Each structure stands twice: as structure tokens, then as C-alpha cells.
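To be precise, the following lines are model.cif, and they hold mmCIF, C-alpha atoms and all ligand atoms.
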data_data
#
loop_
_atom_site.label_atom_id
_atom_site.label_comp_id
_atom_site.auth_asym_id
_atom_site.auth_seq_id
_atom_site.Cartn_x
_atom_site.Cartn_y
_atom_site.Cartn_z
CA MET A 266 -35.56 -54.92 -54.24
CA ALA A 267 -33.30 -52.05 -53.15
CA ALA A 268 -29.51 -52.44 -53.36
CA ARG A 269 -29.37 -52.60 -49.56
CA ASP A 270 -31.60 -55.69 -49.55
CA VAL A 271 -29.54 -57.99 -51.78
CA LEU A 272 -25.96 -59.12 -52.07
CA LYS A 273 -24.09 -59.98 -55.25
CA LEU A 274 -22.79 -63.33 -54.09
CA SER A 275 -20.06 -65.47 -55.63
CA GLU A 276 -20.03 -68.50 -53.33
CA THR A 277 -20.35 -69.78 -49.77
CA PHE A 278 -18.50 -72.71 -48.24
CA SER A 279 -17.11 -74.12 -45.00
CA SER A 280 -13.37 -74.37 -44.61
CA LEU A 281 -10.44 -73.29 -42.44
CA GLN A 282 -9.23 -69.72 -42.43
CA GLY A 283 -6.15 -69.89 -44.63
CA GLU A 284 -4.36 -66.65 -43.79
CA GLY A 285 -3.49 -64.27 -41.00
CA ARG A 286 -4.39 -64.15 -37.32
CA SER A 287 -7.02 -66.90 -37.31
CA THR A 288 -5.25 -69.30 -39.66
CA GLY A 289 -6.57 -72.82 -39.14
CA VAL A 290 -9.82 -71.77 -37.45
CA PRO A 291 -12.97 -73.39 -38.92
CA ALA A 292 -15.15 -70.78 -40.58
CA PHE A 293 -18.05 -70.23 -42.94
CA PHE A 294 -16.95 -68.21 -45.95
CA VAL A 295 -19.15 -65.73 -47.76
CA ARG A 296 -17.44 -64.63 -50.94
CA LEU A 297 -19.00 -61.53 -52.45
CA ALA A 298 -18.71 -60.68 -56.11
CA LEU A 299 -17.21 -57.54 -57.73
CA CYS A 300 -13.90 -55.77 -57.16
CA ASN A 301 -12.57 -52.27 -57.77
CA LEU A 302 -9.00 -53.50 -58.45
CA ARG A 303 -7.56 -55.72 -61.18
CA CYS A 304 -4.56 -57.39 -59.56
CA ASP A 305 -2.32 -59.39 -61.89
CA PHE A 306 -2.05 -62.24 -59.38
CA CYS A 307 -5.73 -62.34 -58.40
CA ASP A 308 -6.83 -65.89 -57.64
CA THR A 309 -10.55 -65.04 -57.52
CA ARG A 310 -10.99 -63.48 -60.94
CA TYR A 311 -14.33 -65.23 -61.23
CA THR A 312 -15.69 -62.62 -58.79
CA TRP A 313 -15.02 -59.70 -61.15
CA ASP A 314 -13.40 -60.54 -64.48
CA PHE A 315 -16.42 -61.00 -66.69
CA THR A 316 -14.33 -60.90 -69.85
CA ARG A 317 -13.12 -64.37 -68.82
CA PHE A 318 -15.98 -65.60 -66.67
CA ASP A 319 -19.70 -65.68 -67.27
CA TYR A 320 -21.45 -63.18 -64.97
CA ALA A 321 -24.77 -65.05 -65.12
CA ARG A 322 -23.06 -68.24 -63.99
CA GLU A 323 -20.72 -66.72 -61.39
CA VAL A 324 -22.87 -64.12 -59.62
CA ARG A 325 -26.14 -64.67 -57.80
CA THR A 326 -28.24 -61.82 -56.48
CA VAL A 327 -29.40 -63.06 -53.09
CA PRO A 328 -31.59 -61.41 -50.41
CA VAL A 329 -29.58 -60.43 -47.33
CA GLU A 330 -31.88 -62.57 -45.15
CA THR A 331 -30.93 -65.67 -47.14
CA VAL A 332 -27.22 -65.09 -46.61
CA ALA A 333 -27.71 -64.29 -42.91
CA ASN A 334 -29.80 -67.46 -42.48
CA ALA A 335 -27.06 -69.55 -44.11
CA ILE A 336 -24.50 -68.10 -41.68
CA ALA A 337 -26.77 -68.72 -38.69
CA ALA A 338 -27.36 -72.32 -39.80
CA ALA A 339 -23.68 -73.12 -40.38
CA PRO A 340 -21.95 -75.09 -37.60
CA GLU A 341 -19.03 -72.66 -37.51
CA ARG A 342 -19.39 -69.68 -35.19
CA ARG A 343 -17.09 -67.57 -37.39
CA VAL A 344 -17.93 -66.04 -40.74
CA ILE A 345 -15.30 -64.70 -43.09
CA VAL A 346 -16.65 -62.21 -45.58
CA THR A 347 -14.31 -62.00 -48.52
CA GLY A 348 -14.34 -61.25 -52.22
CA GLY A 349 -13.75 -59.59 -54.57
CA GLU A 350 -14.00 -56.45 -52.48
CA PRO A 351 -16.78 -56.79 -49.89
CA LEU A 352 -16.95 -53.09 -49.00
CA LEU A 353 -18.25 -52.29 -52.49
CA GLN A 354 -21.53 -53.66 -51.10
CA ARG A 355 -21.28 -51.99 -47.71
CA ALA A 356 -24.94 -51.09 -47.24
CA ALA A 357 -26.14 -54.61 -48.03
CA LEU A 358 -23.35 -56.10 -45.95
CA GLU A 359 -24.48 -54.00 -42.99
CA ALA A 360 -28.08 -55.08 -43.52
CA MET A 361 -27.01 -58.72 -43.74
CA LEU A 362 -24.84 -58.63 -40.61
CA GLU A 363 -27.65 -56.98 -38.62
CA ARG A 364 -29.45 -60.30 -39.04
CA VAL A 365 -26.52 -62.52 -38.01
CA PRO A 366 -26.58 -63.79 -34.40
CA GLU A 367 -24.28 -61.89 -32.06
CA ASP A 368 -22.32 -65.00 -31.11
CA VAL A 369 -21.00 -65.33 -34.66
CA VAL A 370 -17.53 -63.78 -34.94
CA VAL A 371 -17.29 -61.69 -38.09
CA GLU A 372 -14.07 -61.29 -40.07
CA VAL A 373 -13.89 -59.16 -43.20
CA GLU A 374 -11.14 -59.27 -45.81
CA THR A 375 -10.65 -56.06 -47.76
CA ASN A 376 -8.16 -54.47 -50.11
CA GLY A 377 -8.27 -51.34 -47.94
CA THR A 378 -9.52 -48.90 -50.57
CA LEU A 379 -12.93 -48.23 -49.02
CA GLU A 380 -13.86 -46.94 -45.59
CA PRO A 381 -15.70 -49.37 -43.31
CA GLY A 382 -18.23 -46.94 -41.81
CA GLU A 383 -19.33 -46.89 -38.19
CA THR A 384 -21.82 -49.76 -38.33
CA LEU A 385 -19.36 -52.28 -39.68
CA ALA A 386 -16.53 -50.90 -37.55
CA ARG A 387 -18.64 -51.82 -34.50
CA ARG A 388 -19.81 -55.25 -35.68
CA VAL A 389 -16.68 -56.68 -37.30
CA ALA A 390 -14.32 -58.37 -34.86
CA GLN A 391 -11.39 -58.76 -37.21
CA TRP A 392 -10.39 -56.84 -40.34
CA ASN A 393 -7.83 -58.39 -42.65
CA VAL A 394 -6.64 -55.40 -44.65
CA SER A 395 -4.56 -56.20 -47.70
CA PRO A 396 -3.61 -53.12 -49.72
CA LYS A 397 -1.89 -54.03 -52.95
CA LEU A 398 1.71 -53.21 -53.75
CA ALA A 399 3.09 -52.08 -57.12
CA CYS A 400 3.57 -55.71 -58.18
CA ALA A 401 -0.24 -56.08 -58.36
CA GLY A 402 -0.26 -53.85 -61.44
CA ASP A 403 -2.92 -51.29 -60.58
CA PRO A 404 -1.91 -47.59 -60.44
CA GLU A 405 -1.05 -46.35 -56.95
CA HIS A 406 -3.93 -43.88 -56.73
CA LYS A 407 -6.37 -46.78 -57.13
CA ARG A 408 -4.77 -49.30 -54.80
CA ILE A 409 -3.56 -47.05 -51.94
CA ARG A 410 -6.33 -44.98 -50.35
CA ARG A 411 -4.85 -43.47 -47.23
CA ALA A 412 -8.09 -42.24 -45.64
CA ALA A 413 -9.68 -45.67 -45.96
CA LEU A 414 -6.59 -47.42 -44.61
CA LEU A 415 -6.44 -45.10 -41.60
CA ALA A 416 -10.15 -45.58 -40.90
CA LEU A 417 -9.60 -49.34 -40.91
CA ARG A 418 -6.50 -49.04 -38.74
CA ASP A 419 -8.41 -46.92 -36.25
CA THR A 420 -11.00 -49.63 -35.66
CA GLY A 421 -8.28 -51.12 -33.44
CA ARG A 422 -9.14 -54.55 -34.85
CA ALA A 423 -7.38 -54.48 -38.19
CA ASP A 424 -4.35 -56.41 -39.34
CA LEU A 425 -2.31 -55.15 -42.27
CA LYS A 426 -1.53 -58.18 -44.41
CA LEU A 427 0.81 -57.54 -47.32
CA VAL A 428 1.41 -60.00 -50.13
CA VAL A 429 5.07 -60.04 -51.21
CA ARG A 430 7.16 -61.88 -53.77
CA ASN A 431 10.70 -60.56 -53.23
CA ARG A 432 12.91 -58.13 -51.31
CA ASP A 433 11.67 -55.10 -53.22
CA ASP A 434 8.11 -55.98 -52.23
CA VAL A 435 9.17 -56.44 -48.61
CA ALA A 436 10.79 -52.99 -48.57
CA GLU A 437 7.68 -51.44 -50.15
CA ALA A 438 5.41 -53.25 -47.69
CA LEU A 439 7.36 -52.13 -44.64
CA ALA A 440 7.54 -48.55 -45.92
CA LEU A 441 3.76 -48.54 -46.30
CA ALA A 442 3.23 -49.95 -42.80
CA THR A 443 5.54 -47.27 -41.40
CA ALA A 444 3.87 -44.46 -43.37
CA LEU A 445 0.49 -45.57 -42.02
CA GLU A 446 1.87 -45.91 -38.47
CA TRP A 447 0.24 -49.33 -38.33
CA PRO A 448 0.96 -51.11 -35.02
CA ARG A 449 3.88 -53.47 -35.69
CA ASP A 450 2.22 -56.39 -33.92
CA ARG A 451 -0.60 -56.14 -36.48
CA VAL A 452 1.60 -56.18 -39.58
CA TRP A 453 1.87 -59.41 -41.55
CA LEU A 454 3.85 -60.45 -44.60
CA MET A 455 2.53 -63.30 -46.71
CA PRO A 456 4.17 -64.92 -49.73
CA GLU A 457 2.34 -64.54 -53.01
CA ALA A 458 1.73 -68.11 -54.07
CA ALA A 459 -0.91 -69.78 -56.18
CA SER A 460 0.65 -73.24 -55.84
CA ARG A 461 2.54 -75.31 -53.28
CA ALA A 462 5.69 -74.96 -55.40
CA GLU A 463 5.49 -71.15 -55.35
CA HIS A 464 4.80 -71.20 -51.62
CA GLU A 465 7.83 -73.40 -51.00
CA LEU A 466 9.96 -71.14 -53.16
CA ARG A 467 9.00 -67.82 -51.57
CA ALA A 468 8.06 -68.57 -47.96
CA PRO A 469 11.61 -68.96 -46.53
CA ASP A 470 12.72 -65.47 -47.66
CA VAL A 471 9.47 -63.91 -46.44
CA ALA A 472 9.83 -65.67 -43.09
CA ALA A 473 13.42 -64.39 -42.80
CA ALA A 474 12.24 -60.84 -43.53
CA CYS A 475 9.59 -61.16 -40.81
CA THR A 476 12.22 -62.25 -38.29
CA GLN A 477 14.53 -59.43 -39.33
CA HIS A 478 11.90 -56.69 -39.18
CA GLY A 479 9.77 -57.89 -36.28
CA VAL A 480 6.53 -58.43 -38.18
CA ARG A 481 4.32 -61.50 -38.46
CA PHE A 482 4.46 -64.24 -41.07
CA SER A 483 1.33 -65.67 -42.63
CA PRO A 484 1.33 -68.83 -44.71
CA ARG A 485 -1.34 -69.51 -47.32
CA LEU A 486 -2.75 -72.58 -45.64
CA HIS A 487 -5.39 -73.28 -48.29
CA VAL A 488 -2.66 -73.34 -50.96
CA LEU A 489 -0.56 -75.72 -48.87
CA LEU A 490 -3.50 -78.00 -48.09
CA TRP A 491 -5.52 -77.90 -51.28
CA GLY A 492 -3.31 -76.23 -53.88
CA GLY A 493 -5.59 -73.20 -54.04
CA GLU A 494 -8.58 -75.25 -55.19
CA ARG A 495 -11.68 -73.11 -55.53
CA GLY A 496 -14.30 -73.20 -52.75
CA ARG A 497 -11.91 -74.50 -50.07
S1 LIG B 501 -8.18 -56.78 -54.60
FE1 LIG B 501 -8.28 -58.98 -54.22
S2 LIG B 501 -10.12 -59.69 -55.32
FE2 LIG B 501 -9.63 -57.64 -56.08
S3 LIG B 501 -8.40 -58.01 -57.93
FE3 LIG B 501 -6.97 -57.73 -56.19
S4 LIG B 501 -6.56 -59.81 -55.42
FE4 LIG B 501 -8.42 -59.92 -56.71
#
Let me see the structure of the file written as C-alpha cells.
Ligand code: SF4
Amino acid sequence: MAARDVLKLSETFSSLQGEGRSTGVPAFFVRLALCNLRCDFCDTRYTWDFTRFDYAREVRTVPVETVANAIAAAPERRVIVTGGEPLLQRAALEAMLERVPEDVVVEVETNGTLEPGETLARRVAQWNVSPKLACAGDPEHKRIRRAALLALRDTGRADLKLVVRNRDDVAEALALATALEWPRDRVWLMPEAASRAEHELRAPDVAAACTQHGVRFSPRLHVLLWGGERGR
């Protein structure tokens, strides 16, 4: 089968959107494998770190029709395509979404390093764009790709969601949002937290920064509810 006909899939599951604009909304999650970054705090390393995880166990190669059928059969009328980095498989993602009923709202989560292309820009209702700051550990030229970020911004349906740990991160995040001229009402700060304890520790300062700078606050609902348990 051609690359456009299959997706490298990590997992699918039903849950609540845990972050950003549609936090708390029931959704069917399609988590695609592979990523082009190597963030220190990544909580889905099983999608790409095959020095620690077994590729044969973690990644299934699945026809796009099979994934589209699973979305169509799910009770939720919202699909969240996440990863890894979903746009690494853009052609297959386009082919898959062509087969998804029009009444299904499509959200895509991306690290903002790859351009969406016209087909996805038209079909995707909500982009959650999360470029990584210096604290993620990757070199800047890999994690900040201005042309891709501007293409996502110009869909008019993209939120910039920045993961921060401290004041330095907040300053870096706001400087990036300003440099990209991202609409302020679509800029979100979210505490980096892999556990409830980390969330409790960091959220108050991040919330205060959001109030001070007039940007939105996102919790990590899945961490608060389930402690970041996989597949929820
Ligand atoms: S971009 Fe996302 S999936 Fe990729 S390494 Fe960073 S946190 Fe993990």
C-alpha cells in the first residue's frame, strides 16, 4: 500500500478533551505515531522513542479507511488527532479525513513545525498549535518554524498553546506570540505538569500570568482527573 493509504497509529480511545478551547468536550482521540521533536518533558514518548519502547508493539500500520470507520462509528461527534506529530503523515491524514463524515468536528494538535496544506486547512475546525520553548531541549531551528506557524495562524482557526513552567518560560512564550502577531484571544498558557502535584504547584503562577497579560489559561484536565494515565 502507498504511504497515503495507511497511517502509523499509536492508539485510539474515547475521552474528554483535556486542554485548550474545547476542554471537557467528549471526543474520540486518534493518536498517530512518530515525532520530529524530542522534548524532555514529552508524555507520549511511546509514539516516537523506540530506544525505550518497542516499535512493533507500539505502532500499528492501519489503512486510512479503518481509522475513518472507527471515527464514524464512535458516539462522539468530535475527533482529536494528536501524536506524536500528526502532520508528519499529512497525506495519509488528508486521505483519512476525506472519508470522515462532515458532521464530525476535527481538531488537530501539532507542534507547529509543519505546514498544514490547503486540504487540511479547509477540513480542520480547530488547530491546537503548541510550539516548544527552550525548556523542551530541542534546538531552536528545529522547534520554531516560522513559515509553518504563520500558515497555521492564517487558517483563522488556530490557537497558540504554550507549555510553561516558570516566569522565564512565560516571557519567552509571550515574546513568541508577539513576534508571530498571533491574535491575543487565541493565545493560551498551560502549566507543564505530568502529575496532579506538579499541576497544583505550577498552575497558580501560570493563571496569574494569564490575568496579567490578557491571555487564556488552560488546565491539563486529564492530569487532574486521571493523573496523566495513558489512553485517557
Ligand atoms: S512535540 Fe509533542 S509528541 Fe513530539 S516530543 Fe514534543 S511533546 Fe512529545
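Using all atoms listed in the file, residues with at least one atom at most 6 Å away from any atom of ligand LIG 501 (chain B) are Cys300, Leu302, Arg303, Cys304, Cys307, Thr309, Gly348, Gly349, Glu350 and Asn376 of chain A.
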Export of the given selection (C-alpha atoms) as a compact mmCIF listing (two decimals), in the frame of the given file:
# COMPACT_ATOMS: atom_id res chain seq x y z
CA CYS A 300 -13.90 -55.77 -57.16
CA LEU A 302 -9.00 -53.50 -58.45
CA ARG A 303 -7.56 -55.72 -61.18
CA CYS A 304 -4.56 -57.39 -59.56
CA CYS A 307 -5.73 -62.34 -58.40
CA THR A 309 -10.55 -65.04 -57.52
CA GLY A 348 -14.34 -61.25 -52.22
CA GLY A 349 -13.75 -59.59 -54.57
CA GLU A 350 -14.00 -56.45 -52.48
CA ASN A 376 -8.16 -54.47 -50.11
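What separates atom CA of A:Val389 from atom CA of A:Val371 is a distance of 5.1 Å.
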Using only C-alpha atoms, find the one residue out of A:Asp368, A:Met361, A:Val324, A:Val295 that sits nearest to A:Ile345. A:Val295
Pairwise distance for atom CA of A:Ala333 and atom CA of A:Asn393, rounded to one decimal in Å: 20.7 Å
From the list A:Ala337, A:Leu427, A:Ala459, A:Leu414, the nearest residue to A:Cys400 using all atoms listed in the file is A:Leu427
Counting only C-alpha atoms, which residues sit no farther than 7 Å from the position (-18.0, -74.6, -44.8) in the file's frame? I'd like them as number ranges by chain. A: 278-280, 292-294
Need the neighbours of (-1.0, -44.7, -41.3): which residues are at most 8 Å away, counting only C-alpha atoms, as number ranges by chain? A: 411, 414-415, 418, 441-447
Shell of 8 Å around A:Pro381, only C-alpha atoms, local chain residues under 6 positions omitted, as a list in words: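 Neighbouring residues, sequence-local ones excluded: Leu352, Arg355, Ala413, Ala416 and Leu417 of chain A.
The two atoms in question, atom CA of A:Lys273 and atom CA of A:Gln354, are spaced 8.0 Å apart.
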When you look at stretch 482-487 of chain A with a cut-off of 10 Å (counting all atoms listed in the file), what residues show up, excluding the ones that are within fewer than 2 positions of it in the same chain? I need them as a PyMOL selection string. chain A and resi 280-289+426-428+452-461+464+468+471-476+479-480+489-497
Let me see the file: selected residues, C-alpha atoms, as an mmCIF file, keeping the file's coordinate frame.
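Saved to again23.cif:
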data_model
loop_
_atom_site.group_PDB
_atom_site.id
_atom_site.type_symbol
_atom_site.label_atom_id
_atom_site.label_comp_id
_atom_site.auth_asym_id
_atom_site.auth_seq_id
_atom_site.Cartn_x
_atom_site.Cartn_y
_atom_site.Cartn_z
ATOM 1 C CA SER A 280 -13.370 -74.370 -44.610
ATOM 2 C CA LEU A 281 -10.440 -73.290 -42.440
ATOM 3 C CA GLN A 282 -9.230 -69.720 -42.430
ATOM 4 C CA GLY A 283 -6.150 -69.890 -44.630
ATOM 5 C CA GLU A 284 -4.360 -66.650 -43.790
ATOM 6 C CA GLY A 285 -3.490 -64.270 -41.000
ATOM 7 C CA ARG A 286 -4.390 -64.150 -37.320
ATOM 8 C CA SER A 287 -7.020 -66.900 -37.310
ATOM 9 C CA THR A 288 -5.250 -69.300 -39.660
ATOM 10 C CA GLY A 289 -6.570 -72.820 -39.140
ATOM 11 C CA LYS A 426 -1.530 -58.180 -44.410
ATOM 12 C CA LEU A 427 0.810 -57.540 -47.320
ATOM 13 C CA VAL A 428 1.410 -60.000 -50.130
ATOM 14 C CA VAL A 452 1.600 -56.180 -39.580
ATOM 15 C CA TRP A 453 1.870 -59.410 -41.550
ATOM 16 C CA LEU A 454 3.850 -60.450 -44.600
ATOM 17 C CA MET A 455 2.530 -63.300 -46.710
ATOM 18 C CA PRO A 456 4.170 -64.920 -49.730
ATOM 19 C CA GLU A 457 2.340 -64.540 -53.010
ATOM 20 C CA ALA A 458 1.730 -68.110 -54.070
ATOM 21 C CA ALA A 459 -0.910 -69.780 -56.180
ATOM 22 C CA SER A 460 0.650 -73.240 -55.840
ATOM 23 C CA ARG A 461 2.540 -75.310 -53.280
ATOM 24 C CA HIS A 464 4.800 -71.200 -51.620
ATOM 25 C CA ALA A 468 8.060 -68.570 -47.960
ATOM 26 C CA VAL A 471 9.470 -63.910 -46.440
ATOM 27 C CA ALA A 472 9.830 -65.670 -43.090
ATOM 28 C CA ALA A 473 13.420 -64.390 -42.800
ATOM 29 C CA ALA A 474 12.240 -60.840 -43.530
ATOM 30 C CA CYS A 475 9.590 -61.160 -40.810
ATOM 31 C CA THR A 476 12.220 -62.250 -38.290
ATOM 32 C CA GLY A 479 9.770 -57.890 -36.280
ATOM 33 C CA VAL A 480 6.530 -58.430 -38.180
ATOM 34 C CA LEU A 489 -0.560 -75.720 -48.870
ATOM 35 C CA LEU A 490 -3.500 -78.000 -48.090
ATOM 36 C CA TRP A 491 -5.520 -77.900 -51.280
ATOM 37 C CA GLY A 492 -3.310 -76.230 -53.880
ATOM 38 C CA GLY A 493 -5.590 -73.200 -54.040
ATOM 39 C CA GLU A 494 -8.580 -75.250 -55.190
ATOM 40 C CA ARG A 495 -11.680 -73.110 -55.530
ATOM 41 C CA GLY A 496 -14.300 -73.200 -52.750
ATOM 42 C CA ARG A 497 -11.910 -74.500 -50.070
#
From the list A:Asp434, A:Asp403, A:Glu367, A:Glu330, which residue is nearest A:Ala390 when using all atoms listed in the file?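 Among A:Asp434, A:Asp403, A:Glu367, A:Glu330, it is A:Glu367 that comes nearest to A:Ala390.
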Would you mind listing what lies within 12 Å of A:Ala321 as a PyMOL selection string, with only C-alpha atoms counted and same-chain residues fewer than 5 positions away left out? chain A and resi 273-275+298+311-313+315+326
Between A:Glu380, A:Glu463, A:Asp470, A:Glu276, which is the closest to A:Val327 once you count all atoms listed in the file? A:Glu276
